[in-house]
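The data block below is data_25.cif; it holds mmCIF, C-alpha atoms; chains and numbers go by the auth columns.
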```
data_protein
#
loop_
_atom_site.group_PDB
_atom_site.id
_atom_site.type_symbol
_atom_site.label_atom_id
_atom_site.label_comp_id
_atom_site.label_asym_id
_atom_site.label_seq_id
_atom_site.Cartn_x
_atom_site.Cartn_y
_atom_site.Cartn_z
_atom_site.B_iso_or_equiv
_atom_site.auth_seq_id
_atom_site.auth_asym_id
ATOM 1 C CA MET A 1 0.000 0.000 0.000 0.00 19 J
ATOM 2 C CA LYS A 2 0.992 3.587 -0.561 0.00 20 J
ATOM 3 C CA GLU A 3 -0.514 6.370 1.533 0.00 21 J
ATOM 4 C CA TYR A 4 -1.265 9.909 0.338 0.00 22 J
ATOM 5 C CA THR A 5 -1.994 12.664 2.871 0.00 23 J
ATOM 6 C CA LEU A 6 -5.045 14.652 1.817 0.00 24 J
ATOM 7 C CA PRO A 7 -5.154 18.466 2.013 0.00 25 J
ATOM 8 C CA SER A 8 -5.523 19.661 5.590 0.00 26 J
ATOM 9 C CA GLY A 9 -9.066 19.628 6.942 0.00 27 J
ATOM 10 C CA THR A 10 -10.500 17.384 4.216 0.00 28 J
ATOM 11 C CA TYR A 11 -11.679 14.414 6.308 0.00 29 J
ATOM 12 C CA ALA A 12 -12.891 12.552 3.235 0.00 30 J
ATOM 13 C CA HIS A 13 -16.043 10.542 3.814 0.00 31 J
ATOM 14 C CA SER A 14 -15.734 8.424 0.679 0.00 32 J
ATOM 15 C CA VAL A 15 -13.723 7.837 -2.485 0.00 33 J
ATOM 16 C CA SER A 16 -14.953 7.166 -6.037 0.00 34 J
ATOM 17 C CA LEU A 17 -13.050 6.167 -9.169 0.00 35 J
ATOM 18 C CA ASP A 18 -13.653 7.748 -12.571 0.00 36 J
ATOM 19 C CA LYS A 19 -13.355 5.825 -15.859 0.00 37 J
ATOM 20 C CA ASN A 20 -9.572 6.296 -15.793 0.00 38 J
ATOM 21 C CA GLN A 21 -9.373 4.854 -12.262 0.00 39 J
ATOM 22 C CA THR A 22 -8.490 8.265 -10.862 0.00 40 J
ATOM 23 C CA PRO A 23 -9.505 8.460 -7.179 0.00 41 J
ATOM 24 C CA TRP A 24 -11.875 11.295 -6.280 0.00 42 J
ATOM 25 C CA PHE A 25 -12.529 12.192 -2.649 0.00 43 J
ATOM 26 C CA LEU A 26 -15.309 14.127 -0.935 0.00 44 J
ATOM 27 C CA GLY A 27 -14.159 16.600 1.705 0.00 45 J
ATOM 28 C CA ASN A 28 -16.743 16.070 4.401 0.00 46 J
ATOM 29 C CA LYS A 29 -15.337 18.740 6.713 0.00 47 J
ATOM 30 C CA ASN A 30 -14.204 21.520 4.374 0.00 48 J
ATOM 31 C CA GLY A 31 -16.805 21.577 1.592 0.00 49 J
ATOM 32 C CA THR A 32 -14.590 20.266 -1.200 0.00 50 J
ATOM 33 C CA VAL A 33 -14.413 17.624 -3.905 0.00 51 J
ATOM 34 C CA GLY A 34 -11.059 16.671 -5.386 0.00 52 J
ATOM 35 C CA PHE A 35 -8.918 14.041 -7.005 0.00 53 J
ATOM 36 C CA LEU A 36 -5.401 12.677 -6.875 0.00 54 J
ATOM 37 C CA ASP A 37 -3.444 12.742 -10.143 0.00 55 J
ATOM 38 C CA LEU A 38 -1.653 9.402 -9.927 0.00 56 J
ATOM 39 C CA LYS A 39 1.022 10.468 -12.433 0.00 57 J
ATOM 40 C CA THR A 40 2.075 13.679 -10.713 0.00 58 J
ATOM 41 C CA GLU A 41 0.881 12.570 -7.246 0.00 59 J
ATOM 42 C CA LYS A 42 -0.670 16.004 -6.773 0.00 60 J
ATOM 43 C CA PHE A 43 -4.197 16.920 -5.696 0.00 61 J
ATOM 44 C CA LYS A 44 -6.745 19.023 -7.552 0.00 62 J
ATOM 45 C CA VAL A 45 -9.427 20.473 -5.273 0.00 63 J
ATOM 46 C CA TYR A 46 -12.793 22.099 -6.088 0.00 64 J
ATOM 47 C CA LYS A 47 -14.571 24.211 -3.463 0.00 65 J
ATOM 48 C CA MET A 48 -18.342 24.330 -3.200 0.00 66 J
ATOM 49 C CA PRO A 49 -19.822 27.513 -4.723 0.00 67 J
ATOM 50 C CA ASP A 50 -22.295 27.914 -1.831 0.00 68 J
ATOM 51 C CA LYS A 51 -21.166 28.491 1.773 0.00 69 J
ATOM 52 C CA ASN A 52 -24.115 26.371 2.928 0.00 70 J
ATOM 53 C CA ALA A 53 -22.764 23.362 1.006 0.00 71 J
ATOM 54 C CA GLN A 54 -20.397 22.177 3.698 0.00 72 J
ATOM 55 C CA ASP A 55 -20.205 18.373 3.681 0.00 73 J
ATOM 56 C CA PRO A 56 -19.850 16.441 0.399 0.00 74 J
ATOM 57 C CA HIS A 57 -20.562 12.830 1.316 0.00 75 J
ATOM 58 C CA THR A 58 -20.891 10.108 -1.341 0.00 76 J
ATOM 59 C CA GLY A 59 -20.401 10.317 -5.123 0.00 77 J
ATOM 60 C CA VAL A 60 -20.774 8.438 -8.391 0.00 78 J
ATOM 61 C CA PHE A 61 -19.720 9.107 -12.011 0.00 79 J
ATOM 62 C CA ASP A 62 -22.159 8.824 -14.900 0.00 80 J
ATOM 63 C CA SER A 63 -21.271 7.641 -18.415 0.00 81 J
ATOM 64 C CA ALA A 64 -20.575 11.231 -19.540 0.00 82 J
ATOM 65 C CA GLY A 65 -18.005 11.696 -16.781 0.00 83 J
ATOM 66 C CA ILE A 66 -20.196 13.953 -14.627 0.00 84 J
ATOM 67 C CA PHE A 67 -19.641 13.467 -10.894 0.00 85 J
ATOM 68 C CA TRP A 68 -22.860 13.343 -8.847 0.00 86 J
ATOM 69 C CA PHE A 69 -22.670 13.593 -5.067 0.00 87 J
ATOM 70 C CA THR A 70 -24.677 14.072 -1.890 0.00 88 J
ATOM 71 C CA LEU A 71 -24.167 16.597 0.906 0.00 89 J
ATOM 72 C CA GLN A 72 -25.820 15.054 3.943 0.00 90 J
ATOM 73 C CA HIS A 73 -26.251 17.771 6.590 0.00 91 J
ATOM 74 C CA SER A 74 -26.334 20.503 3.956 0.00 92 J
ATOM 75 C CA ASN A 75 -29.439 18.728 2.567 0.00 93 J
ATOM 76 C CA MET A 76 -28.213 19.030 -1.015 0.00 94 J
ATOM 77 C CA VAL A 77 -27.330 17.058 -4.131 0.00 95 J
ATOM 78 C CA GLY A 78 -24.536 18.291 -6.379 0.00 96 J
ATOM 79 C CA LYS A 79 -22.932 17.613 -9.727 0.00 97 J
ATOM 80 C CA LEU A 80 -19.476 18.538 -10.952 0.00 98 J
ATOM 81 C CA ASP A 81 -18.270 18.666 -14.555 0.00 99 J
ATOM 82 C CA PRO A 82 -14.551 17.774 -14.377 0.00 100 J
ATOM 83 C CA LYS A 83 -13.909 19.335 -17.789 0.00 101 J
ATOM 84 C CA SER A 84 -15.008 22.814 -16.757 0.00 102 J
ATOM 85 C CA GLY A 85 -14.929 22.583 -12.970 0.00 103 J
ATOM 86 C CA ASP A 86 -18.531 23.837 -12.900 0.00 104 J
ATOM 87 C CA ILE A 87 -20.541 22.757 -9.852 0.00 105 J
ATOM 88 C CA LYS A 88 -24.331 22.891 -9.563 0.00 106 J
ATOM 89 C CA LEU A 89 -26.306 22.258 -6.369 0.00 107 J
ATOM 90 C CA ALA A 90 -29.954 21.481 -5.598 0.00 108 J
ATOM 91 C CA THR A 91 -31.630 21.503 -2.162 0.00 109 J
ATOM 92 C CA LEU A 92 -33.965 18.663 -1.156 0.00 110 J
ATOM 93 C CA PRO A 93 -37.657 19.602 -0.752 0.00 111 J
ATOM 94 C CA THR A 94 -37.951 18.306 2.830 0.00 112 J
ATOM 95 C CA LYS A 95 -35.810 19.969 5.496 0.00 113 J
ATOM 96 C CA GLY A 96 -33.507 17.578 7.310 0.00 114 J
ATOM 97 C CA SER A 97 -33.757 14.802 4.706 0.00 115 J
ATOM 98 C CA ARG A 98 -29.974 14.249 4.960 0.00 116 J
ATOM 99 C CA PRO A 99 -29.178 12.810 1.495 0.00 117 J
ATOM 100 C CA TYR A 100 -26.721 9.956 1.950 0.00 118 J
ATOM 101 C CA GLY A 101 -26.196 7.209 -0.638 0.00 119 J
ATOM 102 C CA ILE A 102 -26.424 7.800 -4.388 0.00 120 J
ATOM 103 C CA LYS A 103 -26.642 5.414 -7.359 0.00 121 J
ATOM 104 C CA LEU A 104 -27.485 5.643 -11.081 0.00 122 J
ATOM 105 C CA ASP A 105 -30.071 3.614 -12.968 0.00 123 J
ATOM 106 C CA SER A 106 -29.590 2.243 -16.498 0.00 124 J
ATOM 107 C CA LYS A 107 -30.596 5.601 -18.024 0.00 125 J
ATOM 108 C CA GLY A 108 -28.053 7.520 -15.951 0.00 126 J
ATOM 109 C CA THR A 109 -30.663 8.979 -13.613 0.00 127 J
ATOM 110 C CA PRO A 110 -29.321 9.585 -10.091 0.00 128 J
ATOM 111 C CA TRP A 111 -31.265 8.169 -7.123 0.00 129 J
ATOM 112 C CA VAL A 112 -30.576 9.306 -3.565 0.00 130 J
ATOM 113 C CA SER A 113 -31.407 7.778 -0.184 0.00 131 J
ATOM 114 C CA CYS A 114 -32.497 9.939 2.775 0.00 132 J
ATOM 115 C CA ASN A 115 -30.880 9.287 6.151 0.00 133 J
ATOM 116 C CA GLY A 116 -33.000 11.861 8.003 0.00 134 J
ATOM 117 C CA SER A 117 -36.447 11.333 6.521 0.00 135 J
ATOM 118 C CA ASN A 118 -38.605 8.571 5.050 0.00 136 J
ATOM 119 C CA CYS A 119 -37.875 9.302 1.410 0.00 137 J
ATOM 120 C CA LEU A 120 -35.999 8.540 -1.769 0.00 138 J
ATOM 121 C CA ILE A 121 -35.039 11.258 -4.241 0.00 139 J
ATOM 122 C CA LYS A 122 -35.022 10.980 -8.037 0.00 140 J
ATOM 123 C CA VAL A 123 -32.808 13.581 -9.742 0.00 141 J
ATOM 124 C CA ASP A 124 -33.466 14.872 -13.247 0.00 142 J
ATOM 125 C CA LYS A 125 -29.997 14.569 -14.801 0.00 143 J
ATOM 126 C CA ASN A 126 -30.635 17.489 -17.174 0.00 144 J
ATOM 127 C CA THR A 127 -32.393 20.067 -14.987 0.00 145 J
ATOM 128 C CA MET A 128 -31.472 18.763 -11.502 0.00 146 J
ATOM 129 C CA ALA A 129 -35.154 18.944 -10.536 0.00 147 J
ATOM 130 C CA LEU A 130 -35.743 16.704 -7.509 0.00 148 J
ATOM 131 C CA SER A 131 -38.698 14.331 -7.151 0.00 149 J
ATOM 132 C CA GLU A 132 -39.396 13.004 -3.651 0.00 150 J
ATOM 133 C CA ILE A 133 -40.814 9.504 -3.096 0.00 151 J
ATOM 134 C CA LYS A 134 -42.250 9.019 0.382 0.00 152 J
ATOM 135 C CA LEU A 135 -41.538 5.644 1.993 0.00 153 J
ATOM 136 C CA PRO A 136 -43.874 3.975 4.523 0.00 154 J
ATOM 137 C CA GLY A 137 -43.165 4.381 8.234 0.00 155 J
ATOM 138 C CA ALA A 138 -42.320 7.564 10.119 0.00 156 J
ATOM 139 C CA LYS A 139 -39.205 5.886 11.566 0.00 157 J
ATOM 140 C CA THR A 140 -37.945 4.892 8.117 0.00 158 J
ATOM 141 C CA HIS A 141 -34.580 6.270 7.077 0.00 159 J
ATOM 142 C CA THR A 142 -32.258 4.880 4.449 0.00 160 J
ATOM 143 C CA ARG A 143 -28.477 4.880 4.564 0.00 161 J
ATOM 144 C CA ARG A 144 -27.700 3.527 1.098 0.00 162 J
ATOM 145 C CA LEU A 145 -29.302 1.966 -1.965 0.00 163 J
ATOM 146 C CA ALA A 146 -28.622 -0.398 -4.858 0.00 164 J
ATOM 147 C CA ILE A 147 -30.199 -0.555 -8.309 0.00 165 J
ATOM 148 C CA THR A 148 -30.663 -3.817 -10.218 0.00 166 J
ATOM 149 C CA PRO A 149 -30.262 -4.151 -14.027 0.00 167 J
ATOM 150 C CA ASP A 150 -34.048 -3.863 -14.427 0.00 168 J
ATOM 151 C CA ASP A 151 -33.945 -0.522 -12.535 0.00 169 J
ATOM 152 C CA MET A 152 -35.571 -1.687 -9.319 0.00 170 J
ATOM 153 C CA VAL A 153 -34.392 0.611 -6.507 0.00 171 J
ATOM 154 C CA PHE A 154 -33.463 -1.368 -3.381 0.00 172 J
ATOM 155 C CA TYR A 155 -32.699 0.378 -0.101 0.00 173 J
ATOM 156 C CA VAL A 156 -31.756 -0.511 3.464 0.00 174 J
ATOM 157 C CA ASN A 157 -34.367 0.778 5.892 0.00 175 J
ATOM 158 C CA SER A 158 -31.924 1.449 8.715 0.00 176 J
ATOM 159 C CA GLY A 159 -34.572 2.888 11.016 0.00 177 J
ATOM 160 C CA MET A 160 -36.883 -0.138 10.921 0.00 178 J
ATOM 161 C CA GLY A 161 -34.564 -3.068 10.174 0.00 179 J
ATOM 162 C CA LYS A 162 -35.933 -3.865 6.731 0.00 180 J
ATOM 163 C CA LEU A 163 -34.836 -4.252 3.122 0.00 181 J
ATOM 164 C CA GLY A 164 -37.002 -2.230 0.758 0.00 182 J
ATOM 165 C CA ARG A 165 -37.696 -2.084 -2.970 0.00 183 J
ATOM 166 C CA TYR A 166 -39.205 0.768 -4.944 0.00 184 J
ATOM 167 C CA ASN A 167 -40.548 0.016 -8.408 0.00 185 J
ATOM 168 C CA PRO A 168 -40.279 3.225 -10.508 0.00 186 J
ATOM 169 C CA LYS A 169 -42.527 1.737 -13.175 0.00 187 J
ATOM 170 C CA ASN A 170 -45.642 1.498 -11.010 0.00 188 J
ATOM 171 C CA GLY A 171 -44.683 3.199 -7.741 0.00 189 J
ATOM 172 C CA LYS A 172 -45.070 0.017 -5.675 0.00 190 J
ATOM 173 C CA ILE A 173 -43.026 -0.261 -2.485 0.00 191 J
ATOM 174 C CA THR A 174 -42.220 -3.660 -0.930 0.00 192 J
ATOM 175 C CA GLN A 175 -40.310 -4.311 2.289 0.00 193 J
ATOM 176 C CA TRP A 176 -38.875 -7.438 3.910 0.00 194 J
ATOM 177 C CA ASP A 177 -37.870 -7.894 7.561 0.00 195 J
ATOM 178 C CA ASN A 178 -34.155 -8.359 8.211 0.00 196 J
ATOM 179 C CA PRO A 179 -33.011 -11.677 9.751 0.00 197 J
ATOM 180 C CA SER A 180 -31.962 -9.939 12.994 0.00 198 J
ATOM 181 C CA GLY A 181 -35.093 -7.843 13.342 0.00 199 J
ATOM 182 C CA LYS A 182 -36.100 -4.207 13.631 0.00 200 J
ATOM 183 C CA ASN A 183 -32.995 -3.083 15.548 0.00 201 J
ATOM 184 C CA SER A 184 -30.468 -4.645 13.124 0.00 202 J
ATOM 185 C CA HIS A 185 -29.653 -1.268 11.458 0.00 203 J
ATOM 186 C CA PRO A 186 -28.789 -2.352 7.893 0.00 204 J
ATOM 187 C CA TYR A 187 -26.198 0.024 6.469 0.00 205 J
ATOM 188 C CA ALA A 188 -24.269 -0.866 3.298 0.00 206 J
ATOM 189 C CA ILE A 189 -25.908 -2.470 0.253 0.00 207 J
ATOM 190 C CA GLU A 190 -24.905 -3.693 -3.211 0.00 208 J
ATOM 191 C CA TYR A 191 -26.242 -5.744 -6.128 0.00 209 J
ATOM 192 C CA ALA A 192 -24.135 -8.753 -7.167 0.00 210 J
ATOM 193 C CA ASP A 193 -24.586 -12.379 -8.251 0.00 211 J
ATOM 194 C CA ASN A 194 -28.312 -11.890 -8.966 0.00 212 J
ATOM 195 C CA ALA A 195 -28.834 -10.890 -5.364 0.00 213 J
ATOM 196 C CA ILE A 196 -28.909 -7.923 -3.018 0.00 214 J
ATOM 197 C CA TRP A 197 -26.201 -7.939 -0.341 0.00 215 J
ATOM 198 C CA PHE A 198 -26.301 -5.839 2.816 0.00 216 J
ATOM 199 C CA ASN A 199 -24.987 -5.853 6.371 0.00 217 J
ATOM 200 C CA GLU A 200 -26.671 -5.632 9.761 0.00 218 J
ATOM 201 C CA SER A 201 -24.424 -3.092 11.469 0.00 219 J
ATOM 202 C CA ALA A 202 -26.017 -3.332 14.942 0.00 220 J
ATOM 203 C CA LYS A 203 -25.603 -7.116 15.141 0.00 221 J
ATOM 204 C CA ARG A 204 -22.698 -8.498 17.226 0.00 222 J
ATOM 205 C CA PRO A 205 -20.883 -10.112 15.521 0.00 223 J
ATOM 206 C CA GLU A 206 -21.882 -8.076 12.475 0.00 224 J
ATOM 207 C CA THR A 207 -23.640 -10.068 9.762 0.00 225 J
ATOM 208 C CA LEU A 208 -23.592 -10.046 5.971 0.00 226 J
ATOM 209 C CA VAL A 209 -26.951 -10.843 4.372 0.00 227 J
ATOM 210 C CA ARG A 210 -27.734 -12.123 0.859 0.00 228 J
ATOM 211 C CA PHE A 211 -31.262 -11.558 -0.489 0.00 229 J
ATOM 212 C CA ASP A 212 -32.021 -13.885 -3.400 0.00 230 J
ATOM 213 C CA LEU A 213 -34.014 -11.848 -5.908 0.00 231 J
ATOM 214 C CA LYS A 214 -35.789 -14.839 -7.457 0.00 232 J
ATOM 215 C CA ALA A 215 -36.705 -16.744 -4.298 0.00 233 J
ATOM 216 C CA GLN A 216 -37.017 -13.579 -2.146 0.00 234 J
ATOM 217 C CA THR A 217 -35.264 -15.347 0.719 0.00 235 J
ATOM 218 C CA MET A 218 -32.351 -14.275 2.909 0.00 236 J
ATOM 219 C CA GLN A 219 -29.154 -15.950 4.101 0.00 237 J
ATOM 220 C CA SER A 220 -26.776 -14.399 6.629 0.00 238 J
ATOM 221 C CA TRP A 221 -23.199 -14.983 7.756 0.00 239 J
ATOM 222 C CA GLN A 222 -21.199 -13.596 10.657 0.00 240 J
ATOM 223 C CA VAL A 223 -18.411 -11.305 9.473 0.00 241 J
ATOM 224 C CA PRO A 224 -15.112 -12.290 11.133 0.00 242 J
ATOM 225 C CA SER A 225 -13.307 -9.641 13.150 0.00 243 J
ATOM 226 C CA LYS A 226 -9.838 -9.590 14.649 0.00 244 J
ATOM 227 C CA GLY A 227 -8.594 -9.102 18.179 0.00 245 J
ATOM 228 C CA GLY A 228 -11.876 -10.114 19.783 0.00 246 J
ATOM 229 C CA VAL A 229 -13.622 -6.988 18.484 0.00 247 J
ATOM 230 C CA TYR A 230 -17.158 -7.761 17.305 0.00 248 J
ATOM 231 C CA SER A 231 -18.081 -4.314 16.049 0.00 249 J
ATOM 232 C CA GLY A 232 -16.960 -4.192 12.432 0.00 250 J
ATOM 233 C CA LEU A 233 -19.424 -1.584 11.154 0.00 251 J
ATOM 234 C CA ILE A 234 -19.365 -2.002 7.381 0.00 252 J
ATOM 235 C CA ARG A 235 -20.375 1.413 6.058 0.00 253 J
ATOM 236 C CA HIS A 236 -20.027 0.778 2.345 0.00 254 J
ATOM 237 C CA MET A 237 -19.528 -2.101 -0.097 0.00 255 J
ATOM 238 C CA ARG A 238 -18.732 -2.221 -3.793 0.00 256 J
ATOM 239 C CA MET A 239 -18.431 -4.912 -6.430 0.00 257 J
ATOM 240 C CA GLY A 240 -14.782 -5.619 -7.287 0.00 258 J
ATOM 241 C CA ASN A 241 -13.189 -7.770 -9.968 0.00 259 J
ATOM 242 C CA ASN A 242 -13.965 -11.045 -8.174 0.00 260 J
ATOM 243 C CA GLY A 243 -16.512 -10.244 -5.485 0.00 261 J
ATOM 244 C CA LEU A 244 -17.715 -7.711 -2.956 0.00 262 J
ATOM 245 C CA ILE A 245 -15.175 -5.370 -1.375 0.00 263 J
ATOM 246 C CA ILE A 246 -16.087 -4.367 2.189 0.00 264 J
ATOM 247 C CA HIS A 247 -14.319 -2.456 4.937 0.00 265 J
ATOM 248 C CA GLN A 248 -14.727 -2.434 8.709 0.00 266 J
ATOM 249 C CA THR A 249 -14.120 0.924 10.327 0.00 267 J
ATOM 250 C CA ALA A 250 -13.809 -0.429 13.884 0.00 268 J
ATOM 251 C CA THR A 251 -11.200 -3.080 13.045 0.00 269 J
ATOM 252 C CA ASN A 252 -9.193 -1.296 10.324 0.00 270 J
ATOM 253 C CA GLN A 253 -9.764 -4.139 7.867 0.00 271 J
ATOM 254 C CA ILE A 254 -10.596 -4.512 4.182 0.00 272 J
ATOM 255 C CA ALA A 255 -12.115 -7.771 2.982 0.00 273 J
ATOM 256 C CA GLU A 256 -13.241 -9.451 -0.221 0.00 274 J
ATOM 257 C CA VAL A 257 -16.362 -11.612 -0.311 0.00 275 J
ATOM 258 C CA THR A 258 -16.482 -14.235 -3.078 0.00 276 J
ATOM 259 C CA TRP A 259 -18.888 -17.031 -3.931 0.00 277 J
ATOM 260 C CA ALA A 260 -18.685 -20.324 -5.786 0.00 278 J
ATOM 261 C CA SER A 261 -19.839 -20.265 -9.399 0.00 279 J
ATOM 262 C CA LYS A 262 -23.045 -22.190 -10.052 0.00 280 J
#
```
Rewrite the coordinates I just gave you, this time as structure tokens.
Amino acid sequence: MKEYTLPSGTYAHSVSLDKNQTPWFLGNKNGTVGFLDLKTEKFKVYKMPDKNAQDPHTGVFDSAGIFWFTLQHSNMVGKLDPKSGDIKLATLPTKGSRPYGIKLDSKGTPWVSCNGSNCLIKVDKNTMALSEIKLPGAKTHTRRLAITPDDMVFYVNSGMGKLGRYNPKNGKITQWDNPSGKNSHPYAIEYADNAIWFNESAKRPETLVRFDLKAQTMQSWQVPSKGGVYSGLIRHMRMGNNGLIIHQTATNQIAEVTWASK
């Protein structure tokens, strides 16, 4: 491993790779988005154009190279054009929605999960108009989401211990109870191997859950931790070359999850 020290005060919440595998970081403490030029090993930093946009959180690149990102406590969604450096911001319709995770569907439309309110947000990629979808349950809040190839929007209902699915075609919302119940606090989520994977972050030891899309059944496994620490807290997961890549913030570990081919 090689370590690069980010600009002072950045406190990056997450990192995303563009099509050239350039790492982009989101400055959660100083209102910035930037990247590391791997050839020169120098940073390029973009500051938010609005003083109220203080905490870039999670980002994703679309096929045109536009970087879409959330700003949780600022209650905003942003987009950055790396070619021009232009940044545009849009504020969510409900105060305190706390936009958190963000993913793109097959048409390049951004979808955002709300960590402070019972909603999902659909973003118009051309105008940045925001459409709010209300989810059932006042205690519902969603950390992250995953979108399947047929554009079903799956989300972890962290507030109620459920896995949810929103069907954009007909507006139907379906939810399934997590194996460990309402206090399991599902956190990270990803689509892989014709299934939805997520973790139960409040479970000790922490568990990894696989939801089979065809059978609509769940399997769960305990995630191993080191040093007798049973609080891994997987905050994010992504599909890698061979399987899921997960990290545990409490144990300083990175892990790969693979499965046998059928």
Selected residue, from J:Asp80, J:Glu274, J:Asp142, J:Glu59, that lies nearest to Asn259 of chain J when counting all atoms listed in the file
J:Glu274
Determine the residue set returned by the PyMOL selection byres ((chain J and resi 197-209) around 7) for the present structure, and present it as a CSV table (one decimal) with C-alpha atoms, in the coordinates of the input.
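The resulting file, out_31.csv, is shown below:
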```csv
chain,number,residue,atom,x,y,z
J,161,ARG,CA,-28.5,4.9,4.6
J,162,ARG,CA,-27.7,3.5,1.1
J,163,LEU,CA,-29.3,2.0,-2.0
J,164,ALA,CA,-28.6,-0.4,-4.9
J,165,ILE,CA,-30.2,-0.6,-8.3
J,166,THR,CA,-30.7,-3.8,-10.2
J,174,VAL,CA,-31.8,-0.5,3.5
J,175,ASN,CA,-34.4,0.8,5.9
J,176,SER,CA,-31.9,1.4,8.7
J,177,GLY,CA,-34.6,2.9,11.0
J,178,MET,CA,-36.9,-0.1,10.9
J,179,GLY,CA,-34.6,-3.1,10.2
J,180,LYS,CA,-35.9,-3.9,6.7
J,195,ASP,CA,-37.9,-7.9,7.6
J,196,ASN,CA,-34.2,-8.4,8.2
J,210,ALA,CA,-24.1,-8.8,-7.2
J,213,ALA,CA,-28.8,-10.9,-5.4
J,214,ILE,CA,-28.9,-7.9,-3.0
J,215,TRP,CA,-26.2,-7.9,-0.3
J,216,PHE,CA,-26.3,-5.8,2.8
J,217,ASN,CA,-25.0,-5.9,6.4
J,218,GLU,CA,-26.7,-5.6,9.8
J,219,SER,CA,-24.4,-3.1,11.5
J,220,ALA,CA,-26.0,-3.3,14.9
J,221,LYS,CA,-25.6,-7.1,15.1
J,252,ILE,CA,-19.4,-2.0,7.4
J,253,ARG,CA,-20.4,1.4,6.1
J,254,HIS,CA,-20.0,0.8,2.3
J,255,MET,CA,-19.5,-2.1,-0.1
J,256,ARG,CA,-18.7,-2.2,-3.8
```
Evaluate the PyMOL selection byres ((chain J and resi 38) around 12) here and jot the selected residues down as number ranges by chain.
J: 34-37, 39-42, 53-57, 79, 83
Taken to one decimal, the atom CA of Lys97 of chain J-atom CA of Asp123 of chain J distance is 16.0 Å
Mind telling me what the PyMOL selection byres ((chain J and resi 46) around 12) catches here, as number ranges by chain?
J: 26-33, 43-45, 47-52, 65-66, 71-77, 87-92, 118
Which of these residues is nearest to Gln240 of chain J, using all atoms listed in the file: J:Ser81, J:Asn185, J:Thr225, J:Ser149?
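When distances to Gln240 of chain J are compared using all atoms listed in the file, the smallest one comes from J:Thr225.
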